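Q: Pasting in a structure now, in structure tokens, and then I'll have a few things to ask.
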Amino acid sequence: MNEFFTVSYRVRAAAEAAQQKAEAAMARVREITEYNQQKVLAAFINNRIAETDFGTSTGYGYNDRGREKLDLLTAEIFGAEKAFIRAGQLSCGTHTLSVCLYGVLRPGDVLLSVSSTPYDTLRSTIGIDGGESDGKGTLKDFGIEYREIDFTENDELDYAAIEQEAAKDDVRMVYIQRSRGYSLRHSISIAEIERVCEIVHRVNQNAIVMVDNCYGEFAEKKEPTQVGADLMAGSLIKNPGGGIAASGGYIAGRADLVDLCAYRLTTPGLGLEVGATLGQNRSLYMGLFHAPHVVGEAMKTAIFAAALFTELGFKVTPTVDEERHDIIEAICLENADRLIAFCQGLQSGAPVDSYVTPEPWDMPGYDNQVIMACGAFTGGSSIELSGDAPLREPFAVWMQGGLNFDTGKIGVLLAAEELAKRNLLK
């Protein structure tokens, strides 16, 4: 291929065909990226971000102006009444989502998921993990009931069922997981979220719509809070951290709901008034600034992967020409050997820990062994090129990230080449 990396003729030929088939989809991504990058720049200018905002605080963190302006900046970017963004205090996406659930829901409330069962790690928070977390402080322990609505046979949101169930008086929160998790259902678009919000707010004035926005930030021109979602949350080692934030999460939405989440994060009476930034402000500002561009690069990497593995005879979702609503690409590899080979090949193209061989292991929070490829500058960062999957049917890998397309493409090619070396291609 060039003087640095070598791939077999079959993979190289498939890559050349894939690149041509991907061009139209990549052009659409570039247009979205430009729009979102300008939106973020305008918000920085409007909020008069200054070098002095990158300072640090310790102890209680009272009067940390940089932290306060970062919250205002985040709210403007996401079109929300209020927001807060934290590194350290919010440890990961699951923690951030849990802060929202515990902050807003009260005993006797019903949490209604309209996007089927949430991602594996959140099931313990809710108390639907088969009883393993009973008595450990789950929502179920606090008398909060969980219900869910599955997708239709045509992989669509069941709007009729949503209207019927959301109208019930005890439903307090309608929950949407935008991304697919470890499933092959489609990722939910902003247009679909807007329709759910319209239905819920029409039939139940007491119910709020919350969106797990992980992997979806900046994938479209609007965010859920700009189309009616009352609350949304996400992780900073995914899209909005831009590959720079080393940890954390954000919560955005209606001011009263964000305040409830803040009281859960710290304590009633303190809320967002405390929380030392410990030198993290600069990386959060930089990450948020770079995020639209990095998300665009990740989406181009996903598009190329879809085109390449289609050329090689595998089923992928989304397909190369489908509209995308997050950065994830699922590739159906059909058996464990191919799945393991893909992840090990992907790892070999990482800038960090390329020499490491990923192996399936019993990862906390999952029912099956999981294999993960992630040679990242930030541990577990899935805005950096990564691929992971539980070893179970349909033996698909969920690939995401790529700080820039040029290196993301190499990682995808080396994943395909590893299958070729082991005679695992179709």
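We label chains A, B, ... in the order they appear in the structure tokens, count residues from 1 in each chain, and number ligands from 1 in the order shown.
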From a DSSP pass on the backbone, collect the residues of stretch 179-398 of chain A flagged as helix (DSSP H, G or I) and hand them back as a ChimeraX atom specification.
A: /A:190-203,224-226,239-241,255-265,271-273,281-311,336-348
Q: With C-alpha atoms retained, write the just-selected residues as an mmCIF file, in the first residue's frame.
A:
```cif
data_model
loop_
_atom_site.group_PDB
_atom_site.id
_atom_site.type_symbol
_atom_site.label_atom_id
_atom_site.label_comp_id
_atom_site.auth_asym_id
_atom_site.auth_seq_id
_atom_site.Cartn_x
_atom_site.Cartn_y
_atom_site.Cartn_z
ATOM 1 C CA ILE A 190 -32.920 13.674 15.673
ATOM 2 C CA ALA A 191 -36.129 13.597 13.621
ATOM 3 C CA GLU A 192 -37.296 10.476 15.489
ATOM 4 C CA ILE A 193 -36.427 12.041 18.837
ATOM 5 C CA GLU A 194 -38.420 15.134 17.907
ATOM 6 C CA ARG A 195 -41.462 12.999 17.086
ATOM 7 C CA VAL A 196 -41.246 11.148 20.417
ATOM 8 C CA CYS A 197 -40.960 14.472 22.272
ATOM 9 C CA GLU A 198 -44.051 15.810 20.519
ATOM 10 C CA ILE A 199 -46.062 12.706 21.434
ATOM 11 C CA VAL A 200 -44.965 12.577 25.062
ATOM 12 C CA HIS A 201 -45.490 16.260 25.768
ATOM 13 C CA ARG A 202 -48.899 16.134 24.150
ATOM 14 C CA VAL A 203 -50.246 13.136 26.085
ATOM 15 C CA PRO A 224 -31.922 16.374 21.175
ATOM 16 C CA THR A 225 -32.332 19.416 23.435
ATOM 17 C CA GLN A 226 -32.946 21.530 20.341
ATOM 18 C CA ASN A 239 -17.741 12.633 21.016
ATOM 19 C CA PRO A 240 -17.817 15.898 22.996
ATOM 20 C CA GLY A 241 -14.391 15.375 24.557
ATOM 21 C CA ALA A 255 -32.853 24.321 33.987
ATOM 22 C CA ASP A 256 -34.922 22.788 36.805
ATOM 23 C CA LEU A 257 -33.974 19.251 35.764
ATOM 24 C CA VAL A 258 -30.288 20.094 35.393
ATOM 25 C CA ASP A 259 -30.406 21.565 38.905
ATOM 26 C CA LEU A 260 -31.875 18.307 40.250
ATOM 27 C CA CYS A 261 -29.022 16.412 38.615
ATOM 28 C CA ALA A 262 -26.510 18.834 40.108
ATOM 29 C CA TYR A 263 -27.958 18.247 43.574
ATOM 30 C CA ARG A 264 -27.538 14.519 43.026
ATOM 31 C CA LEU A 265 -23.948 14.994 41.830
ATOM 32 C CA GLY A 271 -25.301 21.968 43.493
ATOM 33 C CA LEU A 272 -22.938 23.493 40.949
ATOM 34 C CA GLU A 273 -21.371 25.948 43.397
ATOM 35 C CA ASN A 281 -10.536 23.324 32.345
ATOM 36 C CA ARG A 282 -8.142 23.757 29.434
ATOM 37 C CA SER A 283 -8.552 20.183 28.164
ATOM 38 C CA LEU A 284 -12.347 20.398 28.423
ATOM 39 C CA TYR A 285 -12.445 23.639 26.459
ATOM 40 C CA MET A 286 -10.053 22.299 23.837
ATOM 41 C CA GLY A 287 -11.871 18.986 23.550
ATOM 42 C CA LEU A 288 -15.236 20.648 23.086
ATOM 43 C CA PHE A 289 -13.770 22.994 20.474
ATOM 44 C CA HIS A 290 -12.246 20.148 18.445
ATOM 45 C CA ALA A 291 -15.216 17.799 18.877
ATOM 46 C CA PRO A 292 -17.166 18.529 15.653
ATOM 47 C CA HIS A 293 -14.087 17.968 13.497
ATOM 48 C CA VAL A 294 -13.073 14.797 15.342
ATOM 49 C CA VAL A 295 -16.621 13.433 15.130
ATOM 50 C CA GLY A 296 -16.543 14.073 11.391
ATOM 51 C CA GLU A 297 -13.281 12.126 11.079
ATOM 52 C CA ALA A 298 -14.771 9.257 13.087
ATOM 53 C CA MET A 299 -17.849 9.192 10.864
ATOM 54 C CA LYS A 300 -15.693 9.090 7.732
ATOM 55 C CA THR A 301 -13.757 6.181 9.234
ATOM 56 C CA ALA A 302 -17.047 4.368 9.897
ATOM 57 C CA ILE A 303 -18.230 5.024 6.342
ATOM 58 C CA PHE A 304 -15.007 3.607 4.928
ATOM 59 C CA ALA A 305 -15.302 0.526 7.149
ATOM 60 C CA ALA A 306 -18.875 -0.006 5.940
ATOM 61 C CA ALA A 307 -17.790 0.244 2.303
ATOM 62 C CA LEU A 308 -14.736 -1.981 2.744
ATOM 63 C CA PHE A 309 -16.446 -4.823 4.560
ATOM 64 C CA THR A 310 -19.374 -4.693 2.178
ATOM 65 C CA GLU A 311 -16.852 -5.182 -0.624
ATOM 66 C CA ALA A 336 -15.909 -15.785 17.188
ATOM 67 C CA ASP A 337 -12.700 -16.382 15.224
ATOM 68 C CA ARG A 338 -13.389 -13.521 12.832
ATOM 69 C CA LEU A 339 -14.481 -11.250 15.675
ATOM 70 C CA ILE A 340 -11.276 -11.865 17.611
ATOM 71 C CA ALA A 341 -9.123 -11.478 14.486
ATOM 72 C CA PHE A 342 -10.804 -8.155 13.616
ATOM 73 C CA CYS A 343 -10.173 -6.682 17.064
ATOM 74 C CA GLN A 344 -6.578 -7.891 17.126
ATOM 75 C CA GLY A 345 -5.947 -6.449 13.672
ATOM 76 C CA LEU A 346 -7.540 -3.142 14.618
ATOM 77 C CA GLN A 347 -5.346 -2.976 17.726
ATOM 78 C CA SER A 348 -2.228 -3.460 15.605
#
```
Q: Quick one: of A:Gly243, A:Pro360, A:Gly79, A:Pro318, who's nearest to A:Lys221, counting only C-alpha atoms?
A: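 Selected residue with least distance to A:Lys221: A:Gly79.
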Q: Give me, please, the distance in Å between atom CA of A:Glu165 and atom CA of A:Val99, quoted to one decimal.
A: 24.4 Å
Q: Record the distance separating atom CA of A:Ser57 and atom CA of A:Ile383, expressed in Å with one decimal.
A: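 Distance between the two atoms: 27.6 Å.
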Q: What's the 12 Å shell around A:Asp71, counting only C-alpha atoms, without same-chain residues fewer than 2 positions away, as a compact mmCIF listing (two decimals) with all heavy atoms, in the first residue's frame?
A:
```
# COMPACT_ATOMS: atom_id res chain seq x y z
N ALA A 43 -20.17 29.93 19.58
CA ALA A 43 -20.47 29.87 21.01
C ALA A 43 -19.26 30.30 21.84
O ALA A 43 -19.40 30.98 22.86
CB ALA A 43 -20.90 28.45 21.39
N PHE A 44 -18.05 29.90 21.42
CA PHE A 44 -16.84 30.36 22.11
C PHE A 44 -16.75 31.88 22.07
O PHE A 44 -16.43 32.53 23.07
CB PHE A 44 -15.61 29.74 21.47
CG PHE A 44 -15.18 28.43 22.07
CD1 PHE A 44 -15.90 27.27 21.83
CD2 PHE A 44 -14.06 28.36 22.88
CE1 PHE A 44 -15.52 26.06 22.38
CE2 PHE A 44 -13.66 27.16 23.44
CZ PHE A 44 -14.39 25.99 23.20
N ASN A 47 -19.46 33.65 24.24
CA ASN A 47 -19.23 33.54 25.68
C ASN A 47 -17.90 34.15 26.12
O ASN A 47 -17.51 34.00 27.28
CB ASN A 47 -19.31 32.07 26.10
CG ASN A 47 -20.73 31.55 26.15
OD1 ASN A 47 -21.45 31.74 27.13
ND2 ASN A 47 -21.17 30.93 25.06
N ILE A 49 -14.74 33.51 25.72
CA ILE A 49 -13.79 32.60 26.35
C ILE A 49 -12.41 33.23 26.31
O ILE A 49 -11.95 33.71 25.25
CB ILE A 49 -13.78 31.23 25.65
CG1 ILE A 49 -15.20 30.64 25.64
CG2 ILE A 49 -12.80 30.28 26.34
CD1 ILE A 49 -15.87 30.54 26.99
N ASP A 53 -9.71 31.67 31.62
CA ASP A 53 -10.71 30.65 31.96
C ASP A 53 -10.10 29.26 32.08
O ASP A 53 -10.76 28.33 32.53
CB ASP A 53 -11.82 30.62 30.90
CG ASP A 53 -12.59 31.93 30.84
OD1 ASP A 53 -12.79 32.55 31.90
OD2 ASP A 53 -12.99 32.32 29.73
N ASP A 64 -15.12 29.32 40.61
CA ASP A 64 -14.25 28.94 39.49
C ASP A 64 -14.90 29.47 38.22
O ASP A 64 -15.81 28.85 37.65
CB ASP A 64 -14.11 27.41 39.44
CG ASP A 64 -13.08 26.95 38.41
OD1 ASP A 64 -13.03 27.55 37.32
OD2 ASP A 64 -12.36 25.99 38.70
N ARG A 65 -14.45 30.61 37.77
CA ARG A 65 -15.08 31.27 36.63
C ARG A 65 -14.95 30.44 35.35
O ARG A 65 -15.87 30.41 34.52
CB ARG A 65 -14.45 32.66 36.44
CG ARG A 65 -15.09 33.49 35.33
CD ARG A 65 -16.56 33.72 35.59
NE ARG A 65 -17.17 34.54 34.55
CZ ARG A 65 -18.47 34.58 34.29
NH1 ARG A 65 -19.30 33.82 34.98
NH2 ARG A 65 -18.95 35.38 33.35
N GLY A 66 -13.83 29.79 35.20
CA GLY A 66 -13.66 28.96 34.01
C GLY A 66 -14.66 27.82 33.97
O GLY A 66 -15.21 27.51 32.90
N ARG A 67 -14.93 27.22 35.10
CA ARG A 67 -15.93 26.15 35.18
C ARG A 67 -17.32 26.68 34.87
O ARG A 67 -18.09 26.06 34.12
CB ARG A 67 -15.91 25.54 36.58
CG ARG A 67 -16.88 24.38 36.79
CD ARG A 67 -16.99 24.03 38.27
NE ARG A 67 -17.63 25.11 39.01
CZ ARG A 67 -17.34 25.42 40.28
NH1 ARG A 67 -16.43 24.75 40.94
NH2 ARG A 67 -17.98 26.42 40.87
N GLU A 68 -17.63 27.84 35.42
CA GLU A 68 -18.96 28.42 35.20
C GLU A 68 -19.17 28.80 33.73
O GLU A 68 -20.24 28.56 33.16
CB GLU A 68 -19.13 29.64 36.11
CG GLU A 68 -19.16 29.27 37.59
CD GLU A 68 -19.03 30.48 38.51
OE1 GLU A 68 -18.88 31.61 37.97
OE2 GLU A 68 -19.08 30.31 39.74
N LYS A 69 -18.15 29.37 33.10
CA LYS A 69 -18.28 29.74 31.69
C LYS A 69 -18.34 28.50 30.80
O LYS A 69 -19.02 28.50 29.77
CB LYS A 69 -17.12 30.66 31.28
CG LYS A 69 -17.25 32.07 31.86
CD LYS A 69 -16.07 32.95 31.48
CE LYS A 69 -16.09 33.35 30.02
NZ LYS A 69 -15.02 34.35 29.70
N LEU A 73 -21.13 27.77 28.04
CA LEU A 73 -20.73 27.43 26.68
C LEU A 73 -21.40 26.13 26.22
O LEU A 73 -21.94 26.06 25.11
CB LEU A 73 -19.21 27.28 26.63
CG LEU A 73 -18.59 26.82 25.31
CD1 LEU A 73 -18.72 27.90 24.25
CD2 LEU A 73 -17.13 26.42 25.51
N THR A 74 -21.39 25.12 27.08
CA THR A 74 -21.99 23.83 26.75
C THR A 74 -23.48 23.98 26.50
O THR A 74 -24.03 23.40 25.56
CB THR A 74 -21.73 22.82 27.87
OG1 THR A 74 -20.32 22.71 28.10
CG2 THR A 74 -22.28 21.45 27.53
N ALA A 75 -24.15 24.77 27.35
CA ALA A 75 -25.59 24.98 27.18
C ALA A 75 -25.89 25.63 25.84
O ALA A 75 -26.84 25.24 25.13
CB ALA A 75 -26.13 25.83 28.32
N GLU A 76 -25.09 26.62 25.44
CA GLU A 76 -25.35 27.29 24.16
C GLU A 76 -25.12 26.34 22.99
O GLU A 76 -25.91 26.31 22.04
CB GLU A 76 -24.46 28.52 24.01
CG GLU A 76 -24.70 29.24 22.68
CD GLU A 76 -23.98 30.57 22.56
OE1 GLU A 76 -23.68 31.18 23.59
OE2 GLU A 76 -23.74 31.00 21.40
N ILE A 77 -24.04 25.58 23.04
CA ILE A 77 -23.74 24.66 21.94
C ILE A 77 -24.87 23.66 21.75
O ILE A 77 -25.26 23.34 20.61
CB ILE A 77 -22.41 23.94 22.20
CG1 ILE A 77 -21.24 24.91 22.05
CG2 ILE A 77 -22.23 22.73 21.27
CD1 ILE A 77 -19.90 24.36 22.50
N PHE A 78 -25.43 23.16 22.85
CA PHE A 78 -26.46 22.14 22.78
C PHE A 78 -27.87 22.72 22.75
O PHE A 78 -28.85 21.96 22.74
CB PHE A 78 -26.32 21.16 23.94
CG PHE A 78 -25.12 20.27 23.83
CD1 PHE A 78 -24.39 19.94 24.96
CD2 PHE A 78 -24.71 19.76 22.62
CE1 PHE A 78 -23.28 19.09 24.88
CE2 PHE A 78 -23.60 18.92 22.51
CZ PHE A 78 -22.89 18.59 23.66
N ALA A 80 -29.56 24.32 25.02
CA ALA A 80 -30.26 23.95 26.26
C ALA A 80 -30.36 25.16 27.19
O ALA A 80 -29.57 26.09 27.11
CB ALA A 80 -29.52 22.82 26.96
N GLU A 81 -31.36 25.11 28.09
CA GLU A 81 -31.49 26.18 29.09
C GLU A 81 -30.29 26.21 30.02
O GLU A 81 -29.83 27.27 30.44
CB GLU A 81 -32.76 25.97 29.92
CG GLU A 81 -34.05 26.27 29.20
CD GLU A 81 -35.26 26.10 30.09
OE1 GLU A 81 -35.10 25.83 31.32
OE2 GLU A 81 -36.38 26.25 29.59
N LYS A 82 -29.78 25.03 30.36
CA LYS A 82 -28.69 24.95 31.34
C LYS A 82 -27.91 23.67 31.09
O LYS A 82 -28.44 22.71 30.53
CB LYS A 82 -29.26 24.96 32.77
CG LYS A 82 -28.24 25.21 33.86
CD LYS A 82 -28.93 25.50 35.19
CE LYS A 82 -27.93 25.91 36.26
NZ LYS A 82 -28.60 26.25 37.55
N ALA A 83 -26.65 23.67 31.51
CA ALA A 83 -25.83 22.48 31.36
C ALA A 83 -24.69 22.53 32.35
O ALA A 83 -24.34 23.60 32.87
CB ALA A 83 -25.27 22.38 29.93
N PHE A 84 -24.13 21.37 32.63
CA PHE A 84 -22.84 21.34 33.30
C PHE A 84 -22.00 20.22 32.74
O PHE A 84 -22.50 19.22 32.25
CB PHE A 84 -22.95 21.27 34.83
CG PHE A 84 -23.59 20.02 35.39
CD1 PHE A 84 -22.84 18.89 35.69
CD2 PHE A 84 -24.95 19.99 35.66
CE1 PHE A 84 -23.42 17.76 36.23
CE2 PHE A 84 -25.55 18.86 36.21
CZ PHE A 84 -24.77 17.74 36.50
N ILE A 85 -20.69 20.45 32.77
CA ILE A 85 -19.73 19.52 32.18
C ILE A 85 -18.59 19.36 33.19
O ILE A 85 -18.06 20.34 33.70
CB ILE A 85 -19.24 20.06 30.82
CG1 ILE A 85 -18.28 19.11 30.13
CG2 ILE A 85 -18.67 21.44 30.93
CD1 ILE A 85 -18.00 19.50 28.68
N ARG A 86 -18.28 18.11 33.53
CA ARG A 86 -17.33 17.86 34.61
C ARG A 86 -16.39 16.72 34.27
O ARG A 86 -16.80 15.70 33.72
CB ARG A 86 -18.07 17.50 35.91
CG ARG A 86 -18.94 18.61 36.49
CD ARG A 86 -18.11 19.77 37.03
NE ARG A 86 -18.94 20.79 37.66
CZ ARG A 86 -19.52 21.80 37.01
NH1 ARG A 86 -19.37 21.90 35.70
NH2 ARG A 86 -20.24 22.69 37.64
N GLY A 249 -18.15 13.83 31.91
CA GLY A 249 -19.43 13.76 31.23
C GLY A 249 -20.11 15.11 31.28
O GLY A 249 -19.62 16.06 31.90
N TYR A 250 -21.25 15.20 30.60
CA TYR A 250 -22.03 16.44 30.61
C TYR A 250 -23.50 16.09 30.76
O TYR A 250 -23.95 14.99 30.41
CB TYR A 250 -21.82 17.25 29.33
CG TYR A 250 -22.54 16.63 28.14
CD1 TYR A 250 -23.86 17.00 27.83
CD2 TYR A 250 -21.95 15.64 27.37
CE1 TYR A 250 -24.54 16.40 26.78
CE2 TYR A 250 -22.62 15.04 26.32
CZ TYR A 250 -23.92 15.42 26.03
OH TYR A 250 -24.59 14.82 25.00
N ILE A 251 -24.27 17.05 31.29
CA ILE A 251 -25.72 16.95 31.39
C ILE A 251 -26.29 18.28 30.94
O ILE A 251 -25.80 19.35 31.36
CB ILE A 251 -26.16 16.62 32.83
CG1 ILE A 251 -25.66 15.23 33.24
CG2 ILE A 251 -27.68 16.71 32.98
CD1 ILE A 251 -25.86 14.90 34.71
N ALA A 252 -27.31 18.24 30.08
CA ALA A 252 -27.88 19.47 29.55
C ALA A 252 -29.38 19.32 29.42
O ALA A 252 -29.90 18.22 29.25
CB ALA A 252 -27.27 19.80 28.18
N GLY A 253 -30.10 20.46 29.51
CA GLY A 253 -31.53 20.40 29.33
C GLY A 253 -32.26 21.52 30.04
O GLY A 253 -31.74 22.63 30.20
N ALA A 255 -33.63 23.83 32.85
CA ALA A 255 -32.85 24.32 33.99
C ALA A 255 -33.22 23.62 35.29
O ALA A 255 -32.34 23.25 36.08
CB ALA A 255 -33.03 25.83 34.13
N VAL A 258 -31.74 20.06 35.25
CA VAL A 258 -30.29 20.09 35.39
C VAL A 258 -29.90 20.39 36.84
O VAL A 258 -28.96 19.81 37.39
CB VAL A 258 -29.67 21.12 34.43
CG1 VAL A 258 -28.18 21.29 34.68
CG2 VAL A 258 -29.90 20.69 32.98
N ALA A 262 -27.64 18.25 39.40
CA ALA A 262 -26.51 18.83 40.11
C ALA A 262 -26.59 18.54 41.60
O ALA A 262 -25.58 18.27 42.25
CB ALA A 262 -26.47 20.35 39.87
N LEU A 272 -24.08 23.20 41.81
CA LEU A 272 -22.94 23.49 40.95
C LEU A 272 -22.00 24.53 41.54
O LEU A 272 -21.04 24.95 40.87
CB LEU A 272 -23.44 23.98 39.59
CG LEU A 272 -24.30 23.01 38.80
CD1 LEU A 272 -24.74 23.63 37.48
CD2 LEU A 272 -23.55 21.70 38.53
N GLU A 273 -22.23 24.94 42.78
CA GLU A 273 -21.37 25.95 43.40
C GLU A 273 -20.03 25.38 43.83
O GLU A 273 -19.08 26.12 44.10
CB GLU A 273 -22.07 26.58 44.61
CG GLU A 273 -23.36 27.31 44.28
CD GLU A 273 -23.15 28.45 43.31
OE1 GLU A 273 -22.14 29.18 43.45
OE2 GLU A 273 -23.98 28.61 42.40
N ASN A 281 -9.76 22.41 33.19
CA ASN A 281 -10.54 23.32 32.35
C ASN A 281 -10.01 23.41 30.92
O ASN A 281 -10.77 23.35 29.95
CB ASN A 281 -10.56 24.72 32.97
CG ASN A 281 -11.58 24.85 34.09
OD1 ASN A 281 -12.37 23.95 34.30
ND2 ASN A 281 -11.54 25.96 34.78
N LEU A 284 -10.92 20.46 28.72
CA LEU A 284 -12.35 20.40 28.42
C LEU A 284 -12.73 21.43 27.36
O LEU A 284 -13.51 21.13 26.44
CB LEU A 284 -13.17 20.61 29.69
CG LEU A 284 -13.00 19.57 30.81
CD1 LEU A 284 -14.03 19.80 31.90
CD2 LEU A 284 -13.10 18.15 30.28
N TYR A 285 -12.19 22.62 27.49
CA TYR A 285 -12.45 23.64 26.46
C TYR A 285 -11.90 23.19 25.10
O TYR A 285 -12.58 23.28 24.07
CB TYR A 285 -11.79 24.96 26.85
CG TYR A 285 -12.59 25.84 27.79
CD1 TYR A 285 -12.20 25.99 29.12
CD2 TYR A 285 -13.70 26.54 27.35
CE1 TYR A 285 -12.91 26.81 29.99
CE2 TYR A 285 -14.41 27.37 28.20
CZ TYR A 285 -14.02 27.49 29.53
OH TYR A 285 -14.73 28.29 30.37
N LEU A 288 -13.95 20.22 23.61
CA LEU A 288 -15.24 20.65 23.09
C LEU A 288 -15.07 21.43 21.78
O LEU A 288 -15.87 21.28 20.85
CB LEU A 288 -15.95 21.50 24.14
CG LEU A 288 -17.43 21.78 23.94
CD1 LEU A 288 -18.23 20.50 23.76
CD2 LEU A 288 -17.97 22.57 25.13
```
Q: My list of candidates is A:Ala276, A:Lys315, A:Gly135, A:Cys374. Which is closest to A:Pro394 when distances are computed with only C-alpha atoms?
A: A:Lys315
Q: Among stretch 36-87 of chain A, which residues carry a DSSP assignment of strand (DSSP E or B), reported as a list of chain:residue names?
A: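 Filtering stretch 36-87 of chain A to strand (DSSP E or B) leaves A:Lys82, A:Ala83, A:Phe84, A:Ile85, A:Arg86.
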Q: If I take atom CA of A:Ile331 and atom CA of A:Arg422, how far is one from the other in Å, to one decimal?
A: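 Computed distance, atom CA of A:Ile331 to atom CA of A:Arg422, equals 17.9 Å.
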Q: So that I can see what lies close to A:Leu312, please list as a PyMOL selection string the residues with an atom at most 9 Å from it, counting only C-alpha atoms and leaving out residues fewer than 6 positions away in the same chain.
A: chain A and resi 10-11+14+416+425-426
Q: Determine the nearest neighbour of A:Asp120 from the options A:Ser235, A:Ser354, A:Gln19, A:Gln177, counting only C-alpha atoms.
A: A:Gln177
Q: I'd like the contact shell of A:Met363 - 12 Å cut-off, only C-alpha atoms, skipping same-chain residues fewer than 6 positions apart - returned as a VMD selection string.
A: chain A and resid 120 to 121 369 to 372 388 to 391
